[in-house]
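Below is one structure, written out as structure tokens; the observations come after it.
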Amino acid sequence: MKSTLELRPIYHRKDERIKAHVLLCFLALVLARIAEGQTGLTWDKIRAIMERMHLGEFQSKDGRPLQRAELTPEQSNILKKLNISPLPKLYRIDLKG
């Protein structure tokens, strides 16, 4: 059976770092399982769909606006099922000045 849980060596020496690493891995697994349950998709499929989201940075004489690409229907559906608001189309503008 294939799984998103891939075990490999961790190279931490201090107990608190080992515990923190294991906790982060556990939390990531819990979040992946929640996302799978909410969307009805596998984690690999969710990642494949969502990794195509892009945020573009543009330069102009007035600053650097960040603009997200238009969401696909699949991306919008996943965000809606997970109760996550998408970033606004125009995300941020760093004004020169």
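Naming works like this for the structure tokens: A, B, ... for the chains as they're shown, residue 1 at the start of each chain, ligands 1 onward in shown order.
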Next item on the list: Name the residues of chain A that come out as alpha helix (DSSP H) in a backbone DSSP run; write them as number ranges by chain.
Entry: A: 15-39, 43-50, 73-81
Next item on the list: Identify, on the basis of only C-alpha atoms, every residue whose closest approach to range 70-80 of chain A does not exceed 12 Å; exclude the query and any residue fewer than 5 positions from it along the same chain; express the result as a list in words.
Entry: Ala35, Glu36, Gly37, Gln38, Thr39, Gly40, Leu41, Thr42, Trp43, Lys45, Ile46, Arg47, Ala48, Ile49, Met50, Glu51, Arg52, Met53, His54, Leu55, Gly56, Ser85, Pro86, Leu87, Pro88, Lys89 and Leu90 of chain A
Note to self: Using only C-alpha atoms, which protein or nucleic acid residues come within 9 Å of His21 in chain A? Drop anything in the same chain fewer than 4 positions from it, and give the result as a list in words.
What the structure shows: Ile10, His12, Glu16, Arg17, Cys25 and Phe26 of chain A
Keeping only N, CA and C atoms, take the residues you just selected and write them out as an mmCIF file, in the first residue's frame.
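Okay, this is what ended up in out-v8.cif:
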data_model
loop_
_atom_site.group_PDB
_atom_site.id
_atom_site.type_symbol
_atom_site.label_atom_id
_atom_site.label_comp_id
_atom_site.auth_asym_id
_atom_site.auth_seq_id
_atom_site.Cartn_x
_atom_site.Cartn_y
_atom_site.Cartn_z
ATOM 1 N N ILE A 10 16.587 11.166 10.031
ATOM 2 C CA ILE A 10 16.633 12.567 10.440
ATOM 3 C C ILE A 10 17.975 12.794 11.129
ATOM 4 N N HIS A 12 19.197 14.993 13.505
ATOM 5 C CA HIS A 12 19.181 15.907 14.640
ATOM 6 C C HIS A 12 19.880 15.220 15.807
ATOM 7 N N GLU A 16 15.292 18.124 21.868
ATOM 8 C CA GLU A 16 14.200 19.050 21.542
ATOM 9 C C GLU A 16 14.035 19.198 20.033
ATOM 10 N N ARG A 17 15.109 19.104 19.276
ATOM 11 C CA ARG A 17 15.000 19.187 17.814
ATOM 12 C C ARG A 17 14.363 17.933 17.231
ATOM 13 N N CYS A 25 6.189 16.625 11.563
ATOM 14 C CA CYS A 25 5.796 15.554 10.632
ATOM 15 C C CYS A 25 4.398 15.040 10.949
ATOM 16 N N PHE A 26 4.103 14.870 12.237
ATOM 17 C CA PHE A 26 2.784 14.413 12.649
ATOM 18 C C PHE A 26 1.708 15.422 12.258
#
Check: Using only C-alpha atoms, which of A:Val22, A:Lys14, A:Ile34, A:Gln67 sits nearest Asn83 in chain A?
Finding: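 Of the candidates, the smallest distance to Asn83 in chain A is held by A:Ile34.
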Check: Which residues, written as an MDAnalysis selection string, have at least one atom at most 12 Å from Phe58 in chain A, with only C-alpha atoms counted and residues fewer than 2 positions away on the same chain left out?
Finding: chainID A and resid 55:56 60:68 90:95
